[in-house]
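Reviewing the structure listed below.
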Amino acid sequence: MKIIAVVVTYNRLGLLKRNIACLRANRPLDAIVVVNNGSTDGTTAWLASEPGLHVVNQANVGGSGGFYTGIREACRLDADWIWCMDDDVFPRPDCLESLLRHAGRSDVGMLAPRRLMEGKVYTNDFQALDLTCPFASLYKGKLSKMQVDAPTEICGTAFEGPFIRREVVEKIGLPKKELFIFCDDTDYCIRTVQAGYKIMYVPEALMDKEKFFSKDTWVERNKKKKWKRFYQVRNSAYLNHHYGKNWAVRYLRGFNGVIGYILIALFTCPFSDAYRLSDIGRFWKAYLDGVNERLGMMK
């Protein structure tokens, strides 16, 4: 069995160094592929100086483009299992060993570790999708609301440590790189389940996750994250339109989501610079792009 880790990074050299050190402590790991999405903070030079890494340098095509490249490269290197993650998660030394205990079932296509943030369970994994009610969340059975102490079947996880069987990639293809950032992991999980594979959450397989923006004010945090919100609106609208079982889910659920952001922008822009009036048009365009399935990097 050949196991290859795939790490996608962009301008977070300190976190990347810690991530690589944690991966090197895991056994058995045959190779580490690092996809460098056009970093400008010294990452490229550091990666060139590090032995034993398989590095792919490319322009910044977002997390989805990074995992598209990394999983494709791992398959080219004949991986049997591909361990994917961003640079801000840190697998504990026995994480891979714990995942491998559950890799023997042929019906399991993906295994998901448990993430911890400052020692507390952090999860956005979920057990089911609601594709029929536009006023309910897409995600049902969220593990964040449960006490989970044993391996549990789920239908969605984040690209923060999923352990993917190569057979899945051969059957469903690579992540949808056109999403750029947000929802690419959910889309990939949906495709995995629809192809007949199970996804298992393994609580004894532990990773630590970096916490961001904890000291920022609401304004500072939203100014930093605003550009991601447009992708979130567009890609959520895309998911609901693409997989929804009726017109209400395909159009109305995404509309409900974008109206929330538009109202926030409308009522806060007179009092802060977190949002501007021009953002209202950008949010609306993001929604229209999603329901029309126009993807790619947003301008």
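Letters A, B, ... mark the chains of the structure tokens in the order given; residue numbers begin at 1 per chain; ligand numbers begin at 1, in order shown.
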
For Ile164 in chain A, list every protein, DNA or RNA residue within 8 Å, evaluated using only C-alpha atoms, and leave out those in the same chain fewer than 5 positions away; present the list as an mmCIF file with N, CA and C atoms, in the first residue's frame.
data_model
loop_
_atom_site.group_PDB
_atom_site.id
_atom_site.type_symbol
_atom_site.label_atom_id
_atom_site.label_comp_id
_atom_site.auth_asym_id
_atom_site.auth_seq_id
_atom_site.Cartn_x
_atom_site.Cartn_y
_atom_site.Cartn_z
ATOM 1 N N TRP A 81 -3.623 5.378 -1.438
ATOM 2 C CA TRP A 81 -4.415 6.261 -0.585
ATOM 3 C C TRP A 81 -3.787 7.640 -0.602
ATOM 4 N N ILE A 82 -4.633 8.681 -0.587
ATOM 5 C CA ILE A 82 -4.160 10.060 -0.686
ATOM 6 C C ILE A 82 -4.686 10.819 0.526
ATOM 7 N N TRP A 83 -3.770 11.410 1.286
ATOM 8 C CA TRP A 83 -4.115 12.093 2.538
ATOM 9 C C TRP A 83 -4.032 13.595 2.296
ATOM 10 N N CYS A 84 -5.173 14.261 2.177
ATOM 11 C CA CYS A 84 -5.222 15.658 1.763
ATOM 12 C C CYS A 84 -5.390 16.599 2.948
ATOM 13 N N GLY A 109 -14.675 4.743 0.949
ATOM 14 C CA GLY A 109 -13.879 5.487 -0.019
ATOM 15 C C GLY A 109 -13.096 6.624 0.588
ATOM 16 N N MET A 110 -13.501 7.049 1.800
ATOM 17 C CA MET A 110 -12.843 8.189 2.431
ATOM 18 C C MET A 110 -12.953 8.047 3.945
ATOM 19 N N LEU A 111 -11.878 8.421 4.634
ATOM 20 C CA LEU A 111 -11.836 8.442 6.090
ATOM 21 C C LEU A 111 -11.502 9.852 6.540
ATOM 22 N N VAL A 169 -10.971 8.333 -6.769
ATOM 23 C CA VAL A 169 -10.517 9.329 -7.738
ATOM 24 C C VAL A 169 -10.693 8.797 -9.155
#

Worksheet item: Near Glu97 in chain A, within 9 Å and counting only C-alpha atoms, which residues show up once chain neighbours fewer than 3 positions away are dropped, as a count of residues only?
Response: 8

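Residues in contact with Gly196 in chain A at 12 Å, where only C-alpha atoms are counted and same-chain residues fewer than 3 positions away are skipped, are listed as Ser106, Asp107, Val108, Gly109, Met110, Cys155, Glu167, Val168, Lys171, Ile172, Cys189, Ile190, Arg191, Thr192, Val193 and Ile199 of chain A.
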
Item to complete: Using only C-alpha atoms, pick whichever of A:Cys75, A:Thr123, A:Ala158, A:Glu210 has the shortest atom-to-atom distance to Lys145 in chain A.
Response: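 Checking each of A:Cys75, A:Thr123, A:Ala158, A:Glu210 against Lys145 in chain A, counting only C-alpha atoms, the winner is A:Thr123.
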
Fill in: Distance query Ser137 in chain A at most 12 Å, only C-alpha atoms, self and fewer than 5 positions along chain excluded, as number ranges by chain
A: 126, 128-132, 142, 236, 240, 249, 252-254, 256-257

Write out, as a PDB file, in the first residue's frame, the residues just selected, with N, CA, C and O atoms.
ATOM      1  N   PHE A 126     -20.854  16.302   8.546  1.00  0.00           N
ATOM      2  CA  PHE A 126     -22.303  16.121   8.641  1.00  0.00           C
ATOM      3  C   PHE A 126     -22.691  14.759   8.082  1.00  0.00           C
ATOM      4  O   PHE A 126     -21.947  14.147   7.312  1.00  0.00           O
ATOM      5  N   ALA A 128     -25.881  13.933   6.606  1.00  0.00           N
ATOM      6  CA  ALA A 128     -26.864  13.867   5.521  1.00  0.00           C
ATOM      7  C   ALA A 128     -27.019  15.230   4.871  1.00  0.00           C
ATOM      8  O   ALA A 128     -26.571  16.250   5.415  1.00  0.00           O
ATOM      9  N   LEU A 129     -27.662  15.240   3.719  1.00  0.00           N
ATOM     10  CA  LEU A 129     -27.957  16.466   2.983  1.00  0.00           C
ATOM     11  C   LEU A 129     -29.461  16.647   2.862  1.00  0.00           C
ATOM     12  O   LEU A 129     -30.192  15.671   2.660  1.00  0.00           O
ATOM     13  N   ASP A 130     -29.915  17.877   2.990  1.00  0.00           N
ATOM     14  CA  ASP A 130     -31.316  18.197   2.715  1.00  0.00           C
ATOM     15  C   ASP A 130     -31.375  18.850   1.343  1.00  0.00           C
ATOM     16  O   ASP A 130     -30.980  20.004   1.179  1.00  0.00           O
ATOM     17  N   LEU A 131     -31.875  18.132   0.374  1.00  0.00           N
ATOM     18  CA  LEU A 131     -31.938  18.619  -1.004  1.00  0.00           C
ATOM     19  C   LEU A 131     -33.368  18.905  -1.438  1.00  0.00           C
ATOM     20  O   LEU A 131     -33.638  19.083  -2.628  1.00  0.00           O
ATOM     21  N   THR A 132     -34.293  18.998  -0.445  1.00  0.00           N
ATOM     22  CA  THR A 132     -35.697  19.185  -0.784  1.00  0.00           C
ATOM     23  C   THR A 132     -36.353  20.392  -0.114  1.00  0.00           C
ATOM     24  O   THR A 132     -37.336  20.913  -0.639  1.00  0.00           O
ATOM     25  N   LYS A 142     -25.334  17.393  11.858  1.00  0.00           N
ATOM     26  CA  LYS A 142     -24.001  17.956  12.066  1.00  0.00           C
ATOM     27  C   LYS A 142     -23.347  17.336  13.302  1.00  0.00           C
ATOM     28  O   LYS A 142     -23.934  17.304  14.384  1.00  0.00           O
ATOM     29  N   SER A 236     -22.097  28.070  -2.727  1.00  0.00           N
ATOM     30  CA  SER A 236     -23.261  27.478  -2.061  1.00  0.00           C
ATOM     31  C   SER A 236     -24.456  27.471  -3.011  1.00  0.00           C
ATOM     32  O   SER A 236     -25.211  26.488  -3.092  1.00  0.00           O
ATOM     33  N   ASN A 240     -26.468  24.030  -4.362  1.00  0.00           N
ATOM     34  CA  ASN A 240     -27.914  23.846  -4.258  1.00  0.00           C
ATOM     35  C   ASN A 240     -28.575  23.738  -5.629  1.00  0.00           C
ATOM     36  O   ASN A 240     -29.501  22.955  -5.825  1.00  0.00           O
ATOM     37  N   VAL A 249     -35.202  24.527  -3.924  1.00  0.00           N
ATOM     38  CA  VAL A 249     -33.831  24.360  -3.431  1.00  0.00           C
ATOM     39  C   VAL A 249     -32.839  24.923  -4.437  1.00  0.00           C
ATOM     40  O   VAL A 249     -31.866  25.596  -4.071  1.00  0.00           O
ATOM     41  N   LEU A 252     -34.168  29.099  -4.493  1.00  0.00           N
ATOM     42  CA  LEU A 252     -34.557  29.862  -3.315  1.00  0.00           C
ATOM     43  C   LEU A 252     -33.572  29.750  -2.161  1.00  0.00           C
ATOM     44  O   LEU A 252     -33.342  30.721  -1.448  1.00  0.00           O
ATOM     45  N   ARG A 253     -32.972  28.558  -1.963  1.00  0.00           N
ATOM     46  CA  ARG A 253     -32.047  28.425  -0.837  1.00  0.00           C
ATOM     47  C   ARG A 253     -30.844  29.344  -1.009  1.00  0.00           C
ATOM     48  O   ARG A 253     -30.422  30.015  -0.075  1.00  0.00           O
ATOM     49  N   GLY A 254     -30.289  29.393  -2.206  1.00  0.00           N
ATOM     50  CA  GLY A 254     -29.183  30.309  -2.454  1.00  0.00           C
ATOM     51  C   GLY A 254     -29.600  31.752  -2.305  1.00  0.00           C
ATOM     52  O   GLY A 254     -28.839  32.596  -1.819  1.00  0.00           O
ATOM     53  N   ASN A 256     -31.987  32.865  -0.274  1.00  0.00           N
ATOM     54  CA  ASN A 256     -32.079  33.117   1.164  1.00  0.00           C
ATOM     55  C   ASN A 256     -30.710  33.444   1.751  1.00  0.00           C
ATOM     56  O   ASN A 256     -30.572  34.325   2.601  1.00  0.00           O
ATOM     57  N   GLY A 257     -29.693  32.736   1.280  1.00  0.00           N
ATOM     58  CA  GLY A 257     -28.343  32.964   1.792  1.00  0.00           C
ATOM     59  C   GLY A 257     -27.786  34.315   1.389  1.00  0.00           C
ATOM     60  O   GLY A 257     -27.213  35.037   2.217  1.00  0.00           O
TER      61      GLY A 257
END

Item to complete: Could you give me, as a ChimeraX atom specification, the residues within 12 Å of Pro162 in chain A, counting only C-alpha atoms and dropping anything in the same chain fewer than 5 positions from it?
Response: /A:4-7,67,71,81-86,89,91,95-96,99-100,109-115,125,156-157,185-186,188-189,199-202,205-207

Go ahead and dump the residues you just picked, N, CA and C atoms, as an mmCIF file, in the first residue's frame.
data_model
loop_
_atom_site.group_PDB
_atom_site.id
_atom_site.type_symbol
_atom_site.label_atom_id
_atom_site.label_comp_id
_atom_site.auth_asym_id
_atom_site.auth_seq_id
_atom_site.Cartn_x
_atom_site.Cartn_y
_atom_site.Cartn_z
ATOM 1 N N ILE A 4 0.360 8.640 0.075
ATOM 2 C CA ILE A 4 0.962 9.934 -0.251
ATOM 3 C C ILE A 4 0.104 11.047 0.342
ATOM 4 N N ALA A 5 0.756 11.942 1.073
ATOM 5 C CA ALA A 5 0.066 13.117 1.613
ATOM 6 C C ALA A 5 0.122 14.245 0.595
ATOM 7 N N VAL A 6 -0.953 15.024 0.529
ATOM 8 C CA VAL A 6 -1.024 16.195 -0.337
ATOM 9 C C VAL A 6 -1.330 17.405 0.532
ATOM 10 N N VAL A 7 -0.440 18.396 0.493
ATOM 11 C CA VAL A 7 -0.606 19.624 1.266
ATOM 12 C C VAL A 7 -0.678 20.803 0.305
ATOM 13 N N PHE A 67 -5.858 21.287 -4.665
ATOM 14 C CA PHE A 67 -6.152 19.869 -4.455
ATOM 15 C C PHE A 67 -6.342 19.138 -5.780
ATOM 16 N N ILE A 71 -3.903 15.966 -5.946
ATOM 17 C CA ILE A 71 -4.455 14.618 -6.069
ATOM 18 C C ILE A 71 -4.067 14.009 -7.407
ATOM 19 N N TRP A 81 -3.623 5.378 -1.438
ATOM 20 C CA TRP A 81 -4.415 6.261 -0.585
ATOM 21 C C TRP A 81 -3.787 7.640 -0.602
ATOM 22 N N ILE A 82 -4.633 8.681 -0.587
ATOM 23 C CA ILE A 82 -4.160 10.060 -0.686
ATOM 24 C C ILE A 82 -4.686 10.819 0.526
ATOM 25 N N TRP A 83 -3.770 11.410 1.286
ATOM 26 C CA TRP A 83 -4.115 12.093 2.538
ATOM 27 C C TRP A 83 -4.032 13.595 2.296
ATOM 28 N N CYS A 84 -5.173 14.261 2.177
ATOM 29 C CA CYS A 84 -5.222 15.658 1.763
ATOM 30 C C CYS A 84 -5.390 16.599 2.948
ATOM 31 N N MET A 85 -4.752 17.765 2.869
ATOM 32 C CA MET A 85 -4.925 18.745 3.937
ATOM 33 C C MET A 85 -4.384 20.108 3.528
ATOM 34 N N ASP A 86 -4.956 21.145 4.156
ATOM 35 C CA ASP A 86 -4.383 22.480 4.068
ATOM 36 C C ASP A 86 -3.166 22.548 4.979
ATOM 37 N N VAL A 89 -3.479 22.537 9.428
ATOM 38 C CA VAL A 89 -3.840 21.424 10.296
ATOM 39 C C VAL A 89 -2.586 20.589 10.555
ATOM 40 N N PRO A 91 -1.448 16.906 11.947
ATOM 41 C CA PRO A 91 -1.771 15.551 12.397
ATOM 42 C C PRO A 91 -0.864 15.109 13.546
ATOM 43 N N CYS A 95 -1.960 9.712 14.004
ATOM 44 C CA CYS A 95 -3.186 10.008 13.247
ATOM 45 C C CYS A 95 -3.345 9.066 12.063
ATOM 46 N N LEU A 96 -2.307 8.936 11.255
ATOM 47 C CA LEU A 96 -2.388 8.075 10.076
ATOM 48 C C LEU A 96 -2.602 6.622 10.479
ATOM 49 N N LEU A 99 -6.212 6.096 11.222
ATOM 50 C CA LEU A 99 -7.028 6.048 10.005
ATOM 51 C C LEU A 99 -6.896 4.695 9.308
ATOM 52 N N LEU A 100 -5.683 4.175 9.284
ATOM 53 C CA LEU A 100 -5.437 2.932 8.564
ATOM 54 C C LEU A 100 -6.161 1.734 9.171
ATOM 55 N N GLY A 109 -14.675 4.743 0.949
ATOM 56 C CA GLY A 109 -13.879 5.487 -0.019
ATOM 57 C C GLY A 109 -13.096 6.624 0.588
ATOM 58 N N MET A 110 -13.501 7.049 1.800
ATOM 59 C CA MET A 110 -12.843 8.189 2.431
ATOM 60 C C MET A 110 -12.953 8.047 3.945
ATOM 61 N N LEU A 111 -11.878 8.421 4.634
ATOM 62 C CA LEU A 111 -11.836 8.442 6.090
ATOM 63 C C LEU A 111 -11.502 9.852 6.540
ATOM 64 N N ALA A 112 -12.207 10.336 7.560
ATOM 65 C CA ALA A 112 -12.027 11.712 8.024
ATOM 66 C C ALA A 112 -11.547 11.720 9.468
ATOM 67 N N PRO A 113 -10.462 12.424 9.770
ATOM 68 C CA PRO A 113 -9.989 12.515 11.148
ATOM 69 C C PRO A 113 -10.804 13.510 11.958
ATOM 70 N N ARG A 114 -10.581 13.504 13.256
ATOM 71 C CA ARG A 114 -11.189 14.504 14.139
ATOM 72 C C ARG A 114 -10.220 15.667 14.284
ATOM 73 N N ARG A 115 -10.735 16.898 14.110
ATOM 74 C CA ARG A 115 -9.898 18.081 14.289
ATOM 75 C C ARG A 115 -10.176 18.707 15.652
ATOM 76 N N ASP A 125 -18.275 18.435 9.910
ATOM 77 C CA ASP A 125 -18.706 17.210 9.245
ATOM 78 C C ASP A 125 -20.210 17.006 9.469
ATOM 79 N N GLY A 156 -20.146 14.121 4.562
ATOM 80 C CA GLY A 156 -19.400 15.314 4.194
ATOM 81 C C GLY A 156 -18.357 15.686 5.217
ATOM 82 N N THR A 157 -17.197 16.110 4.732
ATOM 83 C CA THR A 157 -16.108 16.574 5.577
ATOM 84 C C THR A 157 -15.342 17.645 4.820
ATOM 85 N N ASP A 185 -14.778 20.774 -1.155
ATOM 86 C CA ASP A 185 -14.745 19.543 -0.373
ATOM 87 C C ASP A 185 -16.140 18.931 -0.272
ATOM 88 N N THR A 186 -17.169 19.757 -0.030
ATOM 89 C CA THR A 186 -18.537 19.239 0.016
ATOM 90 C C THR A 186 -18.924 18.618 -1.325
ATOM 91 N N TYR A 188 -16.972 17.297 -3.509
ATOM 92 C CA TYR A 188 -16.240 16.042 -3.711
ATOM 93 C C TYR A 188 -16.844 14.925 -2.868
ATOM 94 N N CYS A 189 -17.280 15.259 -1.652
ATOM 95 C CA CYS A 189 -17.917 14.257 -0.800
ATOM 96 C C CYS A 189 -19.250 13.801 -1.386
ATOM 97 N N ILE A 199 -18.210 7.307 3.626
ATOM 98 C CA ILE A 199 -17.230 8.176 4.273
ATOM 99 C C ILE A 199 -17.356 7.953 5.768
ATOM 100 N N MET A 200 -16.251 7.642 6.418
ATOM 101 C CA MET A 200 -16.271 7.346 7.852
ATOM 102 C C MET A 200 -15.480 8.404 8.617
ATOM 103 N N TYR A 201 -16.077 8.901 9.686
ATOM 104 C CA TYR A 201 -15.424 9.825 10.618
ATOM 105 C C TYR A 201 -14.772 8.994 11.705
ATOM 106 N N VAL A 202 -13.465 9.213 11.916
ATOM 107 C CA VAL A 202 -12.684 8.399 12.851
ATOM 108 C C VAL A 202 -12.219 9.285 14.008
ATOM 109 N N ALA A 205 -8.510 9.411 15.373
ATOM 110 C CA ALA A 205 -7.478 9.977 14.499
ATOM 111 C C ALA A 205 -7.494 11.497 14.669
ATOM 112 N N LEU A 206 -6.502 12.031 15.352
ATOM 113 C CA LEU A 206 -6.551 13.425 15.789
ATOM 114 C C LEU A 206 -5.617 14.333 15.002
ATOM 115 N N MET A 207 -6.132 15.518 14.675
ATOM 116 C CA MET A 207 -5.356 16.595 14.081
ATOM 117 C C MET A 207 -5.674 17.871 14.849
#
